[in-house]
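K.L.:
File follows, start-v3.cif with mmCIF, C-alpha atoms:
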```
data_model
#
loop_
_atom_site.group_PDB
_atom_site.id
_atom_site.type_symbol
_atom_site.label_atom_id
_atom_site.label_comp_id
_atom_site.auth_asym_id
_atom_site.auth_seq_id
_atom_site.Cartn_x
_atom_site.Cartn_y
_atom_site.Cartn_z
ATOM 1 C CA MET A 1254 24.867 -27.519 -121.953
ATOM 2 C CA LEU A 1255 24.311 -25.662 -118.681
ATOM 3 C CA ARG A 1256 20.677 -24.866 -117.887
ATOM 4 C CA ILE A 1257 19.925 -21.862 -115.657
ATOM 5 C CA GLY A 1258 16.485 -21.839 -114.060
ATOM 6 C CA THR A 1259 14.833 -18.500 -113.386
ATOM 7 C CA ARG A 1260 11.507 -16.878 -112.779
ATOM 8 C CA ARG A 1261 10.067 -15.212 -115.868
ATOM 9 C CA SER A 1262 9.823 -11.626 -114.610
ATOM 10 C CA PRO A 1263 12.044 -9.044 -116.369
ATOM 11 C CA LEU A 1264 14.158 -8.580 -113.244
ATOM 12 C CA ALA A 1265 14.606 -12.316 -112.699
ATOM 13 C CA MET A 1266 15.597 -12.775 -116.348
ATOM 14 C CA TRP A 1267 18.124 -9.944 -115.979
ATOM 15 C CA GLN A 1268 19.603 -11.682 -112.945
ATOM 16 C CA ALA A 1269 19.893 -15.005 -114.766
ATOM 17 C CA SER A 1270 21.473 -13.255 -117.758
ATOM 18 C CA TYR A 1271 23.989 -11.597 -115.424
ATOM 19 C CA VAL A 1272 25.043 -14.998 -114.088
ATOM 20 C CA ARG A 1273 25.173 -16.442 -117.623
ATOM 21 C CA ASP A 1274 27.431 -13.599 -118.809
ATOM 22 C CA ALA A 1275 29.700 -13.983 -115.767
ATOM 23 C CA LEU A 1276 30.050 -17.692 -116.472
ATOM 24 C CA LEU A 1277 30.815 -17.071 -120.139
ATOM 25 C CA THR A 1278 33.519 -14.587 -119.206
ATOM 26 C CA ASP A 1279 35.373 -17.356 -117.365
ATOM 27 C CA HIS A 1280 34.268 -20.234 -119.602
ATOM 28 C CA PRO A 1281 33.587 -18.860 -123.114
ATOM 29 C CA ASN A 1282 33.177 -22.290 -124.713
ATOM 30 C CA ILE A 1283 30.291 -23.598 -122.629
ATOM 31 C CA GLU A 1284 26.713 -23.520 -123.901
ATOM 32 C CA ILE A 1285 24.135 -21.996 -121.576
ATOM 33 C CA GLU A 1286 20.339 -22.007 -121.791
ATOM 34 C CA LEU A 1287 17.984 -19.877 -119.697
ATOM 35 C CA VAL A 1288 14.922 -21.846 -118.583
ATOM 36 C CA GLY A 1289 11.990 -19.684 -117.501
ATOM 37 C CA ILE A 1290 9.808 -21.245 -114.802
ATOM 38 C CA SER A 1291 6.576 -19.820 -113.365
ATOM 39 C CA THR A 1292 6.437 -20.021 -109.571
ATOM 40 C CA GLN A 1293 3.455 -19.963 -107.257
ATOM 41 C CA GLY A 1294 4.566 -16.562 -106.024
ATOM 42 C CA ASP A 1295 4.309 -15.158 -109.549
ATOM 43 C CA LYS A 1296 0.800 -16.554 -109.904
ATOM 44 C CA THR A 1297 -0.468 -15.291 -106.534
ATOM 45 C CA LEU A 1298 -0.780 -11.571 -107.152
ATOM 46 C CA ASP A 1299 -4.130 -10.693 -105.608
ATOM 47 C CA VAL A 1300 -3.271 -11.133 -101.920
ATOM 48 C CA PRO A 1301 -0.265 -10.374 -99.688
ATOM 49 C CA LEU A 1302 2.449 -13.042 -99.793
ATOM 50 C CA SER A 1303 2.272 -13.422 -96.019
ATOM 51 C CA SER A 1304 -1.221 -14.908 -96.309
ATOM 52 C CA LYS A 1305 -0.110 -17.556 -98.809
ATOM 53 C CA GLY A 1306 3.114 -18.830 -97.307
ATOM 54 C CA GLY A 1307 5.619 -16.066 -97.892
ATOM 55 C CA LYS A 1308 8.609 -15.681 -100.116
ATOM 56 C CA GLY A 1309 9.232 -19.412 -100.321
ATOM 57 C CA LEU A 1310 6.541 -19.349 -102.988
ATOM 58 C CA PHE A 1311 9.190 -17.926 -105.351
ATOM 59 C CA LEU A 1312 11.496 -20.908 -104.794
ATOM 60 C CA LYS A 1313 9.585 -24.178 -104.753
ATOM 61 C CA GLU A 1314 9.202 -24.799 -108.489
ATOM 62 C CA LEU A 1315 12.806 -23.807 -109.204
ATOM 63 C CA GLN A 1316 14.100 -26.077 -106.453
ATOM 64 C CA GLN A 1317 11.968 -28.974 -107.673
ATOM 65 C CA ALA A 1318 13.341 -28.489 -111.188
ATOM 66 C CA LEU A 1319 16.849 -28.690 -109.709
ATOM 67 C CA LEU A 1320 16.058 -31.867 -107.793
ATOM 68 C CA ASP A 1321 14.450 -33.410 -110.893
ATOM 69 C CA GLY A 1322 17.483 -32.583 -113.043
ATOM 70 C CA GLN A 1323 15.544 -30.275 -115.376
ATOM 71 C CA ILE A 1324 17.975 -27.426 -114.654
ATOM 72 C CA ASP A 1325 21.544 -27.279 -113.354
ATOM 73 C CA LEU A 1326 21.360 -24.097 -111.285
ATOM 74 C CA ALA A 1327 18.812 -21.519 -110.179
ATOM 75 C CA VAL A 1328 19.344 -17.807 -109.643
ATOM 76 C CA HIS A 1329 17.525 -16.132 -106.747
ATOM 77 C CA SER A 1330 17.348 -12.795 -105.013
ATOM 78 C CA MET A 1331 18.847 -13.698 -101.637
ATOM 79 C CA LYS A 1332 16.090 -11.783 -99.854
ATOM 80 C CA ASP A 1333 13.681 -14.437 -101.207
ATOM 81 C CA VAL A 1334 15.733 -17.443 -100.097
ATOM 82 C CA THR A 1335 14.373 -19.264 -97.062
ATOM 83 C CA VAL A 1336 16.634 -20.099 -94.114
ATOM 84 C CA THR A 1337 16.452 -23.847 -94.799
ATOM 85 C CA LEU A 1338 16.899 -25.426 -98.222
ATOM 86 C CA PRO A 1339 15.718 -28.816 -99.498
ATOM 87 C CA ALA A 1340 18.088 -31.697 -98.805
ATOM 88 C CA GLY A 1341 20.697 -31.985 -101.517
ATOM 89 C CA LEU A 1342 20.653 -28.301 -102.534
ATOM 90 C CA HIS A 1343 22.891 -25.431 -101.454
ATOM 91 C CA ILE A 1344 23.804 -21.848 -102.294
ATOM 92 C CA VAL A 1345 27.152 -22.314 -103.992
ATOM 93 C CA ALA A 1346 27.782 -18.629 -104.733
ATOM 94 C CA ILE A 1347 26.539 -15.217 -103.649
ATOM 95 C CA CYS A 1348 27.433 -12.561 -106.202
ATOM 96 C CA GLU A 1349 28.759 -9.119 -105.350
ATOM 97 C CA ARG A 1350 25.988 -7.037 -103.835
ATOM 98 C CA GLU A 1351 24.249 -4.168 -105.604
ATOM 99 C CA ASP A 1352 22.846 -1.243 -103.574
ATOM 100 C CA PRO A 1353 20.876 -2.955 -100.751
ATOM 101 C CA ARG A 1354 18.753 0.071 -99.824
ATOM 102 C CA ASP A 1355 15.114 0.806 -100.588
ATOM 103 C CA ALA A 1356 14.074 3.479 -103.061
ATOM 104 C CA LEU A 1357 11.139 5.864 -103.244
ATOM 105 C CA VAL A 1358 9.485 6.280 -106.629
ATOM 106 C CA SER A 1359 7.056 9.186 -106.941
ATOM 107 C CA ALA A 1360 5.992 11.687 -109.568
ATOM 108 C CA ARG A 1361 4.839 14.131 -106.904
ATOM 109 C CA TYR A 1362 7.299 14.238 -104.027
ATOM 110 C CA ALA A 1363 11.097 14.291 -103.813
ATOM 111 C CA ASP A 1364 11.419 12.328 -100.580
ATOM 112 C CA LEU A 1365 9.336 10.740 -97.849
ATOM 113 C CA SER A 1366 9.550 13.781 -95.590
ATOM 114 C CA ALA A 1367 7.706 15.817 -98.237
ATOM 115 C CA PHE A 1368 4.601 13.595 -98.268
ATOM 116 C CA PRO A 1369 1.521 15.251 -96.736
ATOM 117 C CA ALA A 1370 -0.674 13.509 -94.191
ATOM 118 C CA GLY A 1371 -2.888 10.906 -95.845
ATOM 119 C CA ALA A 1372 -0.649 10.420 -98.876
ATOM 120 C CA ILE A 1373 -0.803 6.843 -100.171
ATOM 121 C CA VAL A 1374 2.385 4.791 -100.301
ATOM 122 C CA GLY A 1375 2.396 1.303 -101.779
ATOM 123 C CA THR A 1376 4.505 -1.715 -100.810
ATOM 124 C CA CYS A 1377 3.883 -5.414 -100.210
ATOM 125 C CA SER A 1378 6.730 -5.752 -97.701
ATOM 126 C CA LEU A 1379 5.722 -6.010 -94.036
ATOM 127 C CA ARG A 1380 9.168 -4.650 -93.139
ATOM 128 C CA ARG A 1381 8.637 -1.526 -95.241
ATOM 129 C CA GLN A 1382 5.070 -1.143 -94.015
ATOM 130 C CA CYS A 1383 6.187 -1.339 -90.391
ATOM 131 C CA LEU A 1384 9.012 1.172 -90.806
ATOM 132 C CA LEU A 1385 6.876 3.569 -92.850
ATOM 133 C CA ARG A 1386 4.177 3.548 -90.170
ATOM 134 C CA PHE A 1387 6.808 3.925 -87.461
ATOM 135 C CA ARG A 1388 8.685 6.813 -89.114
ATOM 136 C CA TYR A 1389 5.764 8.489 -90.903
ATOM 137 C CA PRO A 1390 2.564 7.663 -88.978
ATOM 138 C CA ASP A 1391 0.434 10.137 -90.965
ATOM 139 C CA LEU A 1392 0.908 8.268 -94.251
ATOM 140 C CA SER A 1393 -1.596 5.781 -95.645
ATOM 141 C CA VAL A 1394 0.300 2.562 -96.387
ATOM 142 C CA MET A 1395 -1.319 0.095 -98.789
ATOM 143 C CA ASP A 1396 -0.425 -3.329 -100.212
ATOM 144 C CA LEU A 1397 1.088 -3.425 -103.685
ATOM 145 C CA ARG A 1398 1.985 -6.723 -105.414
ATOM 146 C CA GLY A 1399 3.333 -7.535 -108.855
ATOM 147 C CA ASN A 1400 6.638 -7.276 -110.692
ATOM 148 C CA VAL A 1401 8.504 -3.975 -110.981
ATOM 149 C CA ASN A 1402 6.789 -2.910 -114.200
ATOM 150 C CA THR A 1403 3.335 -3.699 -112.819
ATOM 151 C CA ARG A 1404 3.983 -1.668 -109.682
ATOM 152 C CA LEU A 1405 5.312 1.282 -111.663
ATOM 153 C CA ARG A 1406 2.283 1.179 -113.954
ATOM 154 C CA ARG A 1407 -0.103 1.339 -111.006
ATOM 155 C CA LEU A 1408 1.851 4.298 -109.634
ATOM 156 C CA ASP A 1409 1.716 6.041 -113.007
ATOM 157 C CA ASP A 1410 -2.037 5.374 -113.193
ATOM 158 C CA GLY A 1411 -2.465 7.440 -110.032
ATOM 159 C CA GLU A 1412 -3.326 4.711 -107.522
ATOM 160 C CA PHE A 1413 -0.475 5.779 -105.237
ATOM 161 C CA ASP A 1414 1.396 8.955 -104.371
ATOM 162 C CA GLY A 1415 4.580 6.926 -104.099
ATOM 163 C CA ILE A 1416 5.810 3.368 -103.952
ATOM 164 C CA ILE A 1417 8.825 1.718 -102.320
ATOM 165 C CA LEU A 1418 10.979 -0.669 -104.352
ATOM 166 C CA ALA A 1419 14.458 -2.127 -103.994
ATOM 167 C CA ALA A 1420 17.053 0.252 -105.406
ATOM 168 C CA ALA A 1421 18.983 -2.734 -106.788
ATOM 169 C CA GLY A 1422 16.097 -3.873 -108.979
ATOM 170 C CA LEU A 1423 15.558 -0.443 -110.493
ATOM 171 C CA LYS A 1424 19.264 -0.038 -111.207
ATOM 172 C CA ARG A 1425 19.510 -3.469 -112.798
ATOM 173 C CA LEU A 1426 16.571 -2.709 -115.090
ATOM 174 C CA ASP A 1427 18.106 0.637 -116.146
ATOM 175 C CA MET A 1428 15.327 2.485 -114.325
ATOM 176 C CA GLU A 1429 17.523 4.445 -111.947
ATOM 177 C CA ASP A 1430 16.004 7.655 -113.316
ATOM 178 C CA ARG A 1431 12.707 6.666 -111.651
ATOM 179 C CA ILE A 1432 14.291 6.862 -108.184
ATOM 180 C CA ARG A 1433 13.424 10.060 -106.313
ATOM 181 C CA GLN A 1434 15.085 9.070 -103.051
ATOM 182 C CA VAL A 1435 17.432 6.274 -102.103
ATOM 183 C CA ILE A 1436 16.182 5.825 -98.557
ATOM 184 C CA PRO A 1437 18.991 5.870 -95.974
ATOM 185 C CA ALA A 1438 19.403 2.669 -93.992
ATOM 186 C CA ASP A 1439 18.974 4.728 -90.815
ATOM 187 C CA LEU A 1440 15.362 5.401 -91.890
ATOM 188 C CA MET A 1441 14.518 2.064 -93.491
ATOM 189 C CA LEU A 1442 16.866 -0.787 -92.676
ATOM 190 C CA PRO A 1443 17.188 -3.124 -95.683
ATOM 191 C CA ALA A 1444 15.837 -6.656 -95.838
ATOM 192 C CA VAL A 1445 18.007 -9.692 -95.190
ATOM 193 C CA GLY A 1446 20.059 -10.307 -98.335
ATOM 194 C CA GLN A 1447 18.544 -7.440 -100.311
ATOM 195 C CA GLY A 1448 20.584 -6.547 -103.395
ATOM 196 C CA ALA A 1449 22.511 -9.856 -103.465
ATOM 197 C CA LEU A 1450 22.039 -12.693 -105.954
ATOM 198 C CA GLY A 1451 22.374 -16.300 -104.830
ATOM 199 C CA ILE A 1452 23.060 -19.280 -107.078
ATOM 200 C CA GLU A 1453 21.583 -22.595 -105.957
ATOM 201 C CA CYS A 1454 22.567 -25.981 -107.309
ATOM 202 C CA ARG A 1455 22.789 -29.649 -106.371
ATOM 203 C CA GLU A 1456 25.475 -30.405 -103.797
ATOM 204 C CA GLU A 1457 26.499 -33.557 -105.692
ATOM 205 C CA ASP A 1458 26.997 -31.728 -109.010
ATOM 206 C CA ASP A 1459 30.766 -31.216 -108.733
ATOM 207 C CA HIS A 1460 31.148 -29.900 -112.284
ATOM 208 C CA THR A 1461 28.594 -27.105 -111.883
ATOM 209 C CA ASN A 1462 29.875 -26.282 -108.405
ATOM 210 C CA ARG A 1463 33.396 -25.773 -109.766
ATOM 211 C CA LEU A 1464 32.133 -23.524 -112.561
ATOM 212 C CA LEU A 1465 30.207 -21.343 -110.121
ATOM 213 C CA MET A 1466 32.693 -20.954 -107.276
ATOM 214 C CA PRO A 1467 34.550 -17.996 -108.886
ATOM 215 C CA LEU A 1468 31.274 -16.014 -108.801
ATOM 216 C CA ASP A 1469 31.184 -16.134 -104.998
ATOM 217 C CA HIS A 1470 31.992 -12.698 -103.532
ATOM 218 C CA LYS A 1471 33.550 -13.269 -100.129
ATOM 219 C CA LEU A 1472 32.594 -9.967 -98.451
ATOM 220 C CA THR A 1473 29.026 -10.183 -99.725
ATOM 221 C CA ARG A 1474 28.743 -13.748 -98.455
ATOM 222 C CA MET A 1475 29.949 -12.692 -94.994
ATOM 223 C CA ARG A 1476 27.441 -9.840 -94.855
ATOM 224 C CA VAL A 1477 24.548 -12.021 -96.014
ATOM 225 C CA THR A 1478 25.602 -14.840 -93.670
ATOM 226 C CA ALA A 1479 25.353 -12.464 -90.699
ATOM 227 C CA GLU A 1480 21.949 -11.204 -91.819
ATOM 228 C CA ARG A 1481 20.567 -14.691 -92.400
ATOM 229 C CA ALA A 1482 21.813 -15.749 -88.960
ATOM 230 C CA VAL A 1483 19.586 -13.065 -87.421
ATOM 231 C CA ASN A 1484 16.638 -14.323 -89.425
ATOM 232 C CA GLU A 1485 17.291 -17.942 -88.497
ATOM 233 C CA ARG A 1486 17.700 -17.290 -84.756
ATOM 234 C CA LEU A 1487 14.504 -15.209 -84.686
ATOM 235 C CA ASP A 1488 12.681 -17.775 -86.820
ATOM 236 C CA GLY A 1489 11.686 -14.825 -88.975
ATOM 237 C CA GLY A 1490 9.166 -15.505 -91.699
ATOM 238 C CA CYS A 1491 6.630 -13.843 -93.909
ATOM 239 C CA HIS A 1492 4.464 -12.735 -90.963
ATOM 240 C CA VAL A 1493 7.205 -10.723 -89.246
ATOM 241 C CA PRO A 1494 8.498 -7.239 -90.103
ATOM 242 C CA LEU A 1495 12.192 -7.981 -89.744
ATOM 243 C CA ALA A 1496 15.297 -6.281 -91.101
ATOM 244 C CA ALA A 1497 18.977 -7.124 -90.761
ATOM 245 C CA TYR A 1498 21.757 -5.280 -92.509
ATOM 246 C CA ALA A 1499 25.497 -5.955 -92.238
ATOM 247 C CA GLU A 1500 28.238 -3.568 -93.365
ATOM 248 C CA VAL A 1501 31.984 -3.998 -93.672
ATOM 249 C CA ILE A 1502 33.708 -1.243 -91.709
ATOM 250 C CA GLY A 1503 37.479 -1.331 -92.029
ATOM 251 C CA ASP A 1504 38.457 -4.898 -91.236
ATOM 252 C CA GLY A 1505 35.336 -5.495 -89.151
ATOM 253 C CA LEU A 1506 31.633 -6.148 -89.517
ATOM 254 C CA ARG A 1507 28.716 -4.161 -88.129
ATOM 255 C CA ILE A 1508 25.197 -5.595 -88.219
ATOM 256 C CA ARG A 1509 21.985 -3.794 -87.344
ATOM 257 C CA GLY A 1510 18.561 -5.300 -86.910
ATOM 258 C CA VAL A 1511 14.902 -4.292 -86.506
ATOM 259 C CA VAL A 1512 11.850 -6.252 -85.369
ATOM 260 C CA GLY A 1513 8.387 -4.756 -85.009
ATOM 261 C CA ARG A 1514 4.710 -5.158 -85.609
ATOM 262 C CA PRO A 1515 3.131 -4.448 -89.027
ATOM 263 C CA ASP A 1516 1.280 -1.430 -87.578
ATOM 264 C CA GLY A 1517 4.587 0.240 -86.711
ATOM 265 C CA THR A 1518 4.426 -0.349 -82.953
ATOM 266 C CA ASN A 1519 6.843 -2.201 -80.683
ATOM 267 C CA VAL A 1520 9.743 -1.467 -83.015
ATOM 268 C CA LEU A 1521 12.971 -2.807 -81.497
ATOM 269 C CA THR A 1522 16.430 -2.020 -82.875
ATOM 270 C CA GLY A 1523 19.878 -3.332 -82.066
ATOM 271 C CA GLU A 1524 23.366 -3.846 -83.418
ATOM 272 C CA ALA A 1525 26.508 -5.912 -82.967
ATOM 273 C CA GLN A 1526 30.081 -5.459 -84.125
ATOM 274 C CA GLY A 1527 33.043 -7.761 -84.490
ATOM 275 C CA THR A 1528 35.410 -9.289 -87.032
ATOM 276 C CA LEU A 1529 34.482 -10.443 -90.525
ATOM 277 C CA HIS A 1530 35.028 -14.064 -89.548
ATOM 278 C CA GLN A 1531 32.447 -13.762 -86.760
ATOM 279 C CA ALA A 1532 29.639 -13.112 -89.263
ATOM 280 C CA GLU A 1533 27.282 -15.889 -88.172
ATOM 281 C CA GLU A 1534 28.099 -15.398 -84.498
ATOM 282 C CA LEU A 1535 27.387 -11.656 -84.714
ATOM 283 C CA GLY A 1536 24.023 -12.299 -86.325
ATOM 284 C CA GLN A 1537 23.084 -14.713 -83.566
ATOM 285 C CA GLN A 1538 24.319 -12.273 -80.925
ATOM 286 C CA LEU A 1539 22.155 -9.495 -82.355
ATOM 287 C CA ALA A 1540 19.106 -11.776 -82.503
ATOM 288 C CA ASP A 1541 19.602 -12.841 -78.887
ATOM 289 C CA ASP A 1542 19.842 -9.203 -77.812
ATOM 290 C CA LEU A 1543 16.583 -8.390 -79.589
ATOM 291 C CA LEU A 1544 14.896 -11.404 -78.020
ATOM 292 C CA GLU A 1545 16.007 -10.368 -74.553
ATOM 293 C CA ARG A 1546 14.552 -6.887 -75.079
ATOM 294 C CA GLY A 1547 11.099 -8.009 -76.143
ATOM 295 C CA ALA A 1548 11.274 -9.394 -79.685
ATOM 296 C CA GLY A 1549 10.239 -12.804 -78.371
ATOM 297 C CA GLN A 1550 6.835 -11.496 -77.273
ATOM 298 C CA VAL A 1551 6.352 -9.641 -80.558
ATOM 299 C CA LEU A 1552 7.105 -12.812 -82.497
ATOM 300 C CA LYS A 1553 4.882 -14.892 -80.233
ATOM 301 C CA ASP A 1554 1.964 -12.518 -80.755
ATOM 302 C CA LEU A 1555 2.442 -12.410 -84.532
ATOM 303 C CA TYR A 1556 2.676 -16.178 -84.866
ATOM 304 C CA GLY A 1557 -0.200 -16.685 -82.458
ATOM 305 C CA ASN A 1558 1.502 -19.135 -80.133
#
```
Take the structure I supplied and represent it as structure tokens, if you would.
P.N.:
Amino acid sequence: MLRIGTRRSPLAMWQASYVRDALLTDHPNIEIELVGISTQGDKTLDVPLSSKGGKGLFLKELQQALLDGQIDLAVHSMKDVTVTLPAGLHIVAICEREDPRDALVSARYADLSAFPAGAIVGTCSLRRQCLLRFRYPDLSVMDLRGNVNTRLRRLDDGEFDGIILAAAGLKRLDMEDRIRQVIPADLMLPAVGQGALGIECREEDDHTNRLLMPLDHKLTRMRVTAERAVNERLDGGCHVPLAAYAEVIGDGLRIRGVVGRPDGTNVLTGEAQGTLHQAEELGQQLADDLLERGAGQVLKDLYGN
């Protein structure tokens, strides 16, 4: 019996089911159980994540269940996975990436450029808030927490003129028809790891590691490795609007990054290009470039030290 740990939200359950089905395709005779686990992040819905410790709140209970042997693997959205993992755990596979871009959902307007001054746009992401305020300073940007269905319900109830969600999540939940605009990366650079699923398990569990290795998508791993290297070098966390997005171009890799303040000021952009095998190095190079051009002061101010 292989036990897959997952958050209980519809999207998280879809992700765990995707991994289960992929495993069964290669190993049809194994038994698999999905184990739903409530995380602190799922319980903390009344305040922004950044005030309660950030996206790591979605991981702790799943990782503890792994360490305690209650589950054999955990499925995460890579954008929620912290730079450092508990001792003894690792990301054994990163599945092929879905669309990494952000999506506008609105019953009133076809794209962000059509929103009038004062229109209310909802998102809990500091990255999205920063880039919205930078690109569209006349909009009113407000916090919006909850799972996908909760956010859509609040939009449908008229609390917002539009909301920003990950395109990947809407597509995975068969809600692609709700998307009015897939926002180009040039306007809103995606989050680190957005659209990619990571599978975490115990390093010492050779059997589970062997079962999972075929699910690792090499190009996706290289892209996400570069993006996470930016995040690690900048010590990016829940208090920092930070984006990093890597693309495979021919036989090379291009990575772009953004750092700014939540109010949309001091937005710094940069990019680096090289070979696929330089993924981590390119991410570090981009981060260093941003630091040299002022990101260090932005980070210092945001972290208050």
K.L.:
Which residues would end up in the selection if the PyMOL selection byres ((chain A and resi 1398-1405) around 6) were applied here, given that I need the answer as a list in words?
P.N.:
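After applying the PyMOL selection byres ((chain A and resi 1398-1405) around 6), what remains is Leu1298, Cys1377, Leu1397, Arg1406, Arg1407 and Leu1408 of chain A.
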K.L.:
Can you turn the PyMOL selection byres ((chain A and resi 1430) around 12) into a concrete residue list for this file, as an MDAnalysis selection string?
P.N.:
chainID A and resid 1356:1360 1420 1423:1429 1431:1435
K.L.:
Mind pulling up the distance from CA of Gly1322 in chain A to CA of Glu1284 in chain A?
P.N.:
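Interatomic distance here is 16.9 Å.
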K.L.:
Can you tell me how far CA of Val1334 in chain A sits from CA of Ala1449 in chain A, in Å to one decimal?
P.N.:
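CA of Val1334 in chain A sits 10.7 Å away from CA of Ala1449 in chain A.
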K.L.:
Tell me, as a list in words, which residues lie within 10 Å of Leu1472 in chain A, counting all atoms listed in the file; anything in the same chain fewer than 5 positions away does not count.
P.N.:
Ile1347, Cys1348, Glu1349, Arg1350, Val1477, Thr1478, Glu1500, Val1501, Leu1506 and Leu1529 of chain A
K.L.:
Would you mind exporting the chosen residues as a compact mmCIF listing (two decimals), keeping the file's coordinate frame, restricted to C-alpha atoms?
P.N.:
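Saved as part_23.txt:
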```txt
# COMPACT_ATOMS: atom_id res chain seq x y z
CA ILE A 1347 26.54 -15.22 -103.65
CA CYS A 1348 27.43 -12.56 -106.20
CA GLU A 1349 28.76 -9.12 -105.35
CA ARG A 1350 25.99 -7.04 -103.84
CA VAL A 1477 24.55 -12.02 -96.01
CA THR A 1478 25.60 -14.84 -93.67
CA GLU A 1500 28.24 -3.57 -93.36
CA VAL A 1501 31.98 -4.00 -93.67
CA LEU A 1506 31.63 -6.15 -89.52
CA LEU A 1529 34.48 -10.44 -90.52
```
K.L.:
Given the choices A:Lys1553, A:Arg1507, A:His1329, A:Lys1313, which gets closest to Ala1269 in chain A if the distance is worked out from only C-alpha atoms?
P.N.:
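Smallest separation from Ala1269 in chain A among the options: A:His1329.
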K.L.:
What residues come out when you apply the PyMOL selection byres ((chain A and resi 1336-1339) around 12) to this file, written as a PDB file with C-alpha atoms, keeping the file's coordinate frame?
P.N.:
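For reference, out-v8.pdb as written:
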```pdb
ATOM      1  CA  LYS A1308       8.609 -15.681-100.116  1.00  0.00           C
ATOM      2  CA  GLY A1309       9.232 -19.412-100.321  1.00  0.00           C
ATOM      3  CA  LEU A1312      11.496 -20.908-104.794  1.00  0.00           C
ATOM      4  CA  LYS A1313       9.585 -24.178-104.753  1.00  0.00           C
ATOM      5  CA  GLU A1314       9.202 -24.799-108.489  1.00  0.00           C
ATOM      6  CA  LEU A1315      12.806 -23.807-109.204  1.00  0.00           C
ATOM      7  CA  GLN A1316      14.100 -26.077-106.453  1.00  0.00           C
ATOM      8  CA  GLN A1317      11.968 -28.974-107.673  1.00  0.00           C
ATOM      9  CA  ALA A1318      13.341 -28.489-111.188  1.00  0.00           C
ATOM     10  CA  LEU A1319      16.849 -28.690-109.709  1.00  0.00           C
ATOM     11  CA  LEU A1320      16.058 -31.867-107.793  1.00  0.00           C
ATOM     12  CA  MET A1331      18.847 -13.698-101.637  1.00  0.00           C
ATOM     13  CA  LYS A1332      16.090 -11.783 -99.854  1.00  0.00           C
ATOM     14  CA  ASP A1333      13.681 -14.437-101.207  1.00  0.00           C
ATOM     15  CA  VAL A1334      15.733 -17.443-100.097  1.00  0.00           C
ATOM     16  CA  THR A1335      14.373 -19.264 -97.062  1.00  0.00           C
ATOM     17  CA  ALA A1340      18.088 -31.697 -98.805  1.00  0.00           C
ATOM     18  CA  GLY A1341      20.697 -31.985-101.517  1.00  0.00           C
ATOM     19  CA  LEU A1342      20.653 -28.301-102.534  1.00  0.00           C
ATOM     20  CA  HIS A1343      22.891 -25.431-101.454  1.00  0.00           C
ATOM     21  CA  ILE A1344      23.804 -21.848-102.294  1.00  0.00           C
ATOM     22  CA  VAL A1445      18.007  -9.692 -95.190  1.00  0.00           C
ATOM     23  CA  GLY A1446      20.059 -10.307 -98.335  1.00  0.00           C
ATOM     24  CA  GLU A1453      21.583 -22.595-105.957  1.00  0.00           C
ATOM     25  CA  CYS A1454      22.567 -25.981-107.309  1.00  0.00           C
ATOM     26  CA  ARG A1455      22.789 -29.649-106.371  1.00  0.00           C
ATOM     27  CA  GLU A1456      25.475 -30.405-103.797  1.00  0.00           C
ATOM     28  CA  VAL A1477      24.548 -12.021 -96.014  1.00  0.00           C
ATOM     29  CA  THR A1478      25.602 -14.840 -93.670  1.00  0.00           C
ATOM     30  CA  GLU A1480      21.949 -11.204 -91.819  1.00  0.00           C
ATOM     31  CA  ARG A1481      20.567 -14.691 -92.400  1.00  0.00           C
ATOM     32  CA  ALA A1482      21.813 -15.749 -88.960  1.00  0.00           C
ATOM     33  CA  VAL A1483      19.586 -13.065 -87.421  1.00  0.00           C
ATOM     34  CA  ASN A1484      16.638 -14.323 -89.425  1.00  0.00           C
ATOM     35  CA  GLU A1485      17.291 -17.942 -88.497  1.00  0.00           C
ATOM     36  CA  ARG A1486      17.700 -17.290 -84.756  1.00  0.00           C
ATOM     37  CA  LEU A1487      14.504 -15.209 -84.686  1.00  0.00           C
ATOM     38  CA  ASP A1488      12.681 -17.775 -86.820  1.00  0.00           C
ATOM     39  CA  GLY A1489      11.686 -14.825 -88.975  1.00  0.00           C
ATOM     40  CA  GLY A1490       9.166 -15.505 -91.699  1.00  0.00           C
ATOM     41  CA  CYS A1491       6.630 -13.843 -93.909  1.00  0.00           C
TER      42      CYS A1491
END
```
